[in-house]
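Text of the file final.txt, holding compact mmCIF, C-alpha atoms:
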```
# COMPACT_ATOMS: atom_id res chain seq x y z
CA HIS P 1 8.54 -23.60 10.70
CA SER P 2 7.81 -21.35 13.64
CA HIS P 3 11.41 -20.09 13.86
CA VAL P 4 11.35 -19.08 10.20
CA LEU P 5 7.94 -17.48 10.64
CA LEU P 6 9.11 -15.53 13.69
CA CYS P 7 12.18 -14.22 11.83
CA LEU P 8 10.04 -13.03 8.93
CA ALA P 9 7.49 -11.49 11.30
CA GLU P 10 10.27 -9.52 12.94
CA ASP P 11 11.80 -8.43 9.62
CA PRO P 12 9.77 -9.17 6.46
CA ASP P 13 12.63 -7.95 4.26
CA LEU P 14 15.20 -10.54 5.38
CA VAL P 15 16.73 -12.60 2.62
CA LEU P 16 16.40 -16.33 3.15
CA ARG P 17 20.16 -16.68 3.64
CA GLU P 18 19.88 -14.37 6.66
CA VAL P 19 16.92 -16.34 8.02
CA ALA P 20 18.93 -19.56 7.66
CA MET P 21 21.83 -18.08 9.62
CA LYS P 22 19.54 -16.83 12.40
CA VAL P 23 17.67 -20.13 12.69
CA GLY P 24 20.74 -22.34 12.25
CA ILE P 25 19.56 -24.38 9.28
CA THR P 26 20.46 -24.45 5.60
CA GLU P 27 19.16 -21.91 3.13
CA ARG P 28 17.55 -24.77 1.19
CA ALA P 29 15.66 -25.85 4.32
CA VAL P 30 14.39 -22.28 4.76
CA GLN P 31 13.29 -22.23 1.10
CA MET P 32 11.31 -25.42 1.65
CA ILE P 33 9.70 -24.06 4.82
CA VAL P 34 8.79 -20.78 3.10
CA ALA P 35 7.26 -22.75 0.20
CA ASP P 36 5.27 -24.87 2.67
CA LEU P 37 4.03 -21.81 4.58
CA THR P 38 3.14 -20.10 1.31
CA GLU P 39 1.21 -23.14 0.10
CA ALA P 40 -0.63 -23.24 3.44
CA GLY P 41 -1.66 -19.60 3.00
CA VAL P 42 0.33 -18.40 6.01
CA LEU P 43 2.91 -16.41 4.02
CA VAL P 44 2.60 -14.27 0.92
CA ARG P 45 5.73 -13.46 -1.01
CA GLU P 46 5.76 -10.02 -2.63
CA ARG P 47 8.39 -8.97 -5.11
CA VAL P 48 9.94 -5.57 -4.29
CA GLY P 49 12.55 -4.74 -6.89
CA ARG P 50 15.05 -7.60 -6.88
CA ARG P 51 14.10 -8.79 -3.40
CA ASN P 52 11.17 -10.45 -1.71
CA ARG P 53 9.10 -9.13 1.15
CA TYR P 54 7.03 -11.55 3.20
CA ARG P 55 3.59 -10.81 4.57
CA ILE P 56 2.04 -13.07 7.18
CA HIS P 57 -1.65 -13.94 7.21
CA GLY P 58 -2.11 -14.07 10.95
CA ARG P 59 -5.73 -15.23 10.79
CA GLN P 60 -4.77 -18.58 9.32
CA PRO P 61 -5.46 -21.42 11.74
CA LEU P 62 -2.56 -23.49 12.99
CA ARG P 63 -2.36 -26.76 11.08
CA HIS P 64 -1.81 -29.32 13.82
CA PRO P 65 -5.09 -30.69 15.23
CA VAL P 66 -3.97 -29.96 18.82
CA GLU P 67 -3.65 -26.22 18.03
CA ALA P 68 -6.20 -25.92 15.20
CA HIS P 69 -8.42 -23.73 17.39
CA ARG P 70 -5.65 -21.10 17.42
CA GLN P 71 -4.40 -18.69 14.74
CA VAL P 72 -0.89 -17.93 13.53
CA SER P 73 -1.18 -14.48 15.12
CA ASP P 74 -1.61 -16.12 18.54
CA ILE P 75 1.90 -17.58 18.35
CA LEU P 76 3.38 -14.35 17.03
CA ARG P 77 1.80 -12.37 19.86
CA LEU P 78 3.06 -14.88 22.40
CA VAL P 79 6.73 -14.40 21.49
CA LYS P 80 6.70 -10.85 20.13
CA ARG P 81 9.68 -8.74 21.17
CA LYS P 82 8.94 -5.41 22.79
```
Would you write out, as structure tokens, the structure that this file holds?
Amino acid sequence: HSHVLLCLAEDPDLVLREVAMKVGITERAVQMIVADLTEAGVLVRERVGRRNRYRIHGRQPLRHPVEAHRQVSDILRLVKRK
């Protein structure tokens, strides 16, 4: 999930096929991860013409109890490219 999220944070206009190639998983797996992140309120899918753009809600808490005190933006900041 985090690899997909990081790819979309870096380039919100990527098509899921491109995300799959970058992460090294199937396009179907990326679709399922994006659906899961959307359902969790972490991602919002916006239609722009014939493509999708993804917006991340960085204030969402992480879902695992060990990291629940942290937000999605904390992870993104931790690995952000300069």
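With all atoms listed in the file as the basis for measurement, P:Ala9 is the residue among P:Val23, P:Ala9, P:Ala35, P:Leu14 that approaches Lys80 in chain P most closely.
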- Query: So how many Å separate CA of Gln71 in chain P and CA of Arg59 in chain P, to one decimal?
  - Reply: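 Computing the Euclidean distance for CA of Gln71 in chain P and CA of Arg59 in chain P yields 5.4 Å.
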- Item | Computed interatomic separation between CA of Cys7 in chain P and CA of Ala68 in chain P (Å) | 22.0 Å
- Given only C-alpha atoms as the counted atoms, nearest of P:Arg63, P:Arg45, P:Arg55, P:Leu6 to Val19 in chain P: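 Closest to Val19 in chain P of all the choices is P:Leu6.
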- May I ask for the distance between CA of Leu37 in chain P and CA of Val72 in chain P, given in Å to one decimal place? 10.9 Å
- Which protein, DNA or RNA residues have an atom at most 10 Å from (7.3, -12.4, 12.5), counting only C-alpha atoms? List them as a ChimeraX atom specification. /P:2-12,54-56,58,72-73,75-77,79-81
- Message: From the options P:Met32, P:Asp13, P:Thr26, P:His57, which residue's atoms come nearest to Val44 in chain P, counting only C-alpha atoms?
- Response: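 Closest residue, counting only C-alpha atoms: P:His57.
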- Message: Using only C-alpha atoms, can you tell me which of P:His69, P:Glu18, P:Gln60, P:Asn52 comes closest to Ala40 in chain P?
- Response: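 Nearest candidate to Ala40 in chain P out of P:His69, P:Glu18, P:Gln60, P:Asn52: P:Gln60.
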- Kindly provide, as a ChimeraX atom specification, the polymer residues lying within 9 Å of (19.0, -18.2, -2.8), counting all atoms listed in the file and using the coordinates exactly as they appear in the file. /P:15-17,27-28,31
- P:Leu78, P:Met21, P:Leu62, P:Val30: which is nearest Val42 in chain P, counting only C-alpha atoms?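 Nearest candidate to Val42 in chain P out of P:Leu78, P:Met21, P:Leu62, P:Val30: P:Leu62.
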With all heavy atoms as the goal, would you fill in the gaps in range 64-75 of chain P and present it as a PDB file, keeping the file's coordinate frame?
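What ended up in out_24.pdb:
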```
ATOM      1  N   HIS P  64      -1.767 -28.096  13.016  1.00  0.00           N
ATOM      2  CA  HIS P  64      -1.810 -29.320  13.820  1.00  0.00           C
ATOM      3  C   HIS P  64      -3.151 -29.399  14.558  1.00  0.00           C
ATOM      4  O   HIS P  64      -3.621 -28.402  15.106  1.00  0.00           O
ATOM      5  CB  HIS P  64      -0.657 -29.346  14.813  1.00  0.00           C
ATOM      6  CG  HIS P  64      -0.439 -30.687  15.408  1.00  0.00           C
ATOM      7  ND1 HIS P  64      -1.199 -31.161  16.440  1.00  0.00           N
ATOM      8  CD2 HIS P  64       0.429 -31.668  15.090  1.00  0.00           C
ATOM      9  CE1 HIS P  64      -0.814 -32.371  16.754  1.00  0.00           C
ATOM     10  NE2 HIS P  64       0.188 -32.708  15.943  1.00  0.00           N
ATOM     11  N   PRO P  65      -3.775 -30.560  14.580  1.00  0.00           N
ATOM     12  CA  PRO P  65      -5.090 -30.690  15.230  1.00  0.00           C
ATOM     13  C   PRO P  65      -5.108 -30.219  16.697  1.00  0.00           C
ATOM     14  O   PRO P  65      -6.113 -29.696  17.172  1.00  0.00           O
ATOM     15  CB  PRO P  65      -5.390 -32.185  15.148  1.00  0.00           C
ATOM     16  CG  PRO P  65      -4.610 -32.663  13.976  1.00  0.00           C
ATOM     17  CD  PRO P  65      -3.371 -31.808  13.938  1.00  0.00           C
ATOM     18  N   VAL P  66      -4.017 -30.368  17.407  1.00  0.00           N
ATOM     19  CA  VAL P  66      -3.970 -29.960  18.820  1.00  0.00           C
ATOM     20  C   VAL P  66      -4.121 -28.438  18.948  1.00  0.00           C
ATOM     21  O   VAL P  66      -4.709 -27.946  19.910  1.00  0.00           O
ATOM     22  CB  VAL P  66      -2.649 -30.434  19.475  1.00  0.00           C
ATOM     23  CG1 VAL P  66      -2.484 -29.870  20.872  1.00  0.00           C
ATOM     24  CG2 VAL P  66      -2.602 -31.950  19.494  1.00  0.00           C
ATOM     25  N   GLU P  67      -3.581 -27.680  17.976  1.00  0.00           N
ATOM     26  CA  GLU P  67      -3.650 -26.220  18.030  1.00  0.00           C
ATOM     27  C   GLU P  67      -4.576 -25.609  16.991  1.00  0.00           C
ATOM     28  O   GLU P  67      -4.579 -24.401  16.796  1.00  0.00           O
ATOM     29  CB  GLU P  67      -2.248 -25.605  17.823  1.00  0.00           C
ATOM     30  CG  GLU P  67      -1.231 -25.956  18.861  1.00  0.00           C
ATOM     31  CD  GLU P  67      -0.371 -27.134  18.438  1.00  0.00           C
ATOM     32  OE1 GLU P  67      -0.387 -27.503  17.262  1.00  0.00           O
ATOM     33  OE2 GLU P  67       0.322 -27.687  19.306  1.00  0.00           O
ATOM     34  N   ALA P  68      -5.377 -26.403  16.312  1.00  0.00           N
ATOM     35  CA  ALA P  68      -6.200 -25.920  15.200  1.00  0.00           C
ATOM     36  C   ALA P  68      -7.203 -24.841  15.624  1.00  0.00           C
ATOM     37  O   ALA P  68      -7.688 -24.082  14.787  1.00  0.00           O
ATOM     38  CB  ALA P  68      -6.918 -27.075  14.524  1.00  0.00           C
ATOM     39  N   HIS P  69      -7.494 -24.752  16.897  1.00  0.00           N
ATOM     40  CA  HIS P  69      -8.420 -23.730  17.390  1.00  0.00           C
ATOM     41  C   HIS P  69      -7.722 -22.373  17.554  1.00  0.00           C
ATOM     42  O   HIS P  69      -8.377 -21.383  17.875  1.00  0.00           O
ATOM     43  CB  HIS P  69      -9.025 -24.172  18.732  1.00  0.00           C
ATOM     44  CG  HIS P  69      -8.022 -24.288  19.828  1.00  0.00           C
ATOM     45  ND1 HIS P  69      -7.102 -25.318  19.890  1.00  0.00           N
ATOM     46  CD2 HIS P  69      -7.781 -23.490  20.903  1.00  0.00           C
ATOM     47  CE1 HIS P  69      -6.342 -25.154  20.963  1.00  0.00           C
ATOM     48  NE2 HIS P  69      -6.727 -24.057  21.593  1.00  0.00           N
ATOM     49  N   ARG P  70      -6.424 -22.324  17.306  1.00  0.00           N
ATOM     50  CA  ARG P  70      -5.650 -21.100  17.420  1.00  0.00           C
ATOM     51  C   ARG P  70      -5.223 -20.588  16.050  1.00  0.00           C
ATOM     52  O   ARG P  70      -5.190 -21.338  15.078  1.00  0.00           O
ATOM     53  CB  ARG P  70      -4.384 -21.328  18.249  1.00  0.00           C
ATOM     54  CG  ARG P  70      -4.636 -21.695  19.657  1.00  0.00           C
ATOM     55  CD  ARG P  70      -5.210 -20.521  20.369  1.00  0.00           C
ATOM     56  NE  ARG P  70      -5.222 -20.758  21.800  1.00  0.00           N
ATOM     57  CZ  ARG P  70      -5.675 -19.887  22.652  1.00  0.00           C
ATOM     58  NH1 ARG P  70      -6.129 -18.734  22.247  1.00  0.00           N
ATOM     59  NH2 ARG P  70      -5.687 -20.162  23.932  1.00  0.00           N
ATOM     60  N   GLN P  71      -4.865 -19.308  15.986  1.00  0.00           N
ATOM     61  CA  GLN P  71      -4.400 -18.690  14.740  1.00  0.00           C
ATOM     62  C   GLN P  71      -2.901 -18.438  14.806  1.00  0.00           C
ATOM     63  O   GLN P  71      -2.313 -18.370  15.891  1.00  0.00           O
ATOM     64  CB  GLN P  71      -5.123 -17.364  14.509  1.00  0.00           C
ATOM     65  CG  GLN P  71      -6.601 -17.497  14.326  1.00  0.00           C
ATOM     66  CD  GLN P  71      -7.271 -16.148  14.138  1.00  0.00           C
ATOM     67  OE1 GLN P  71      -6.728 -15.101  14.478  1.00  0.00           O
ATOM     68  NE2 GLN P  71      -8.469 -16.174  13.593  1.00  0.00           N
ATOM     69  N   VAL P  72      -2.319 -18.240  13.636  1.00  0.00           N
ATOM     70  CA  VAL P  72      -0.890 -17.930  13.530  1.00  0.00           C
ATOM     71  C   VAL P  72      -0.563 -16.695  14.370  1.00  0.00           C
ATOM     72  O   VAL P  72       0.454 -16.650  15.063  1.00  0.00           O
ATOM     73  CB  VAL P  72      -0.499 -17.721  12.050  1.00  0.00           C
ATOM     74  CG1 VAL P  72       0.888 -17.130  11.926  1.00  0.00           C
ATOM     75  CG2 VAL P  72      -0.618 -19.026  11.280  1.00  0.00           C
ATOM     76  N   SER P  73      -1.432 -15.710  14.358  1.00  0.00           N
ATOM     77  CA  SER P  73      -1.180 -14.480  15.120  1.00  0.00           C
ATOM     78  C   SER P  73      -1.056 -14.739  16.620  1.00  0.00           C
ATOM     79  O   SER P  73      -0.370 -14.001  17.322  1.00  0.00           O
ATOM     80  CB  SER P  73      -2.272 -13.449  14.851  1.00  0.00           C
ATOM     81  OG  SER P  73      -3.524 -13.962  15.248  1.00  0.00           O
ATOM     82  N   ASP P  74      -1.714 -15.792  17.121  1.00  0.00           N
ATOM     83  CA  ASP P  74      -1.610 -16.120  18.540  1.00  0.00           C
ATOM     84  C   ASP P  74      -0.166 -16.453  18.924  1.00  0.00           C
ATOM     85  O   ASP P  74       0.333 -16.031  19.963  1.00  0.00           O
ATOM     86  CB  ASP P  74      -2.522 -17.293  18.900  1.00  0.00           C
ATOM     87  CG  ASP P  74      -3.996 -16.953  18.758  1.00  0.00           C
ATOM     88  OD1 ASP P  74      -4.362 -15.770  18.934  1.00  0.00           O
ATOM     89  OD2 ASP P  74      -4.780 -17.868  18.450  1.00  0.00           O
ATOM     90  N   ILE P  75       0.501 -17.221  18.087  1.00  0.00           N
ATOM     91  CA  ILE P  75       1.900 -17.580  18.350  1.00  0.00           C
ATOM     92  C   ILE P  75       2.788 -16.349  18.234  1.00  0.00           C
ATOM     93  O   ILE P  75       3.668 -16.136  19.060  1.00  0.00           O
ATOM     94  CB  ILE P  75       2.385 -18.676  17.386  1.00  0.00           C
ATOM     95  CG1 ILE P  75       1.768 -19.994  17.794  1.00  0.00           C
ATOM     96  CG2 ILE P  75       3.905 -18.773  17.363  1.00  0.00           C
ATOM     97  CD1 ILE P  75       2.208 -21.162  16.969  1.00  0.00           C
TER      98      ILE P  75
END
```
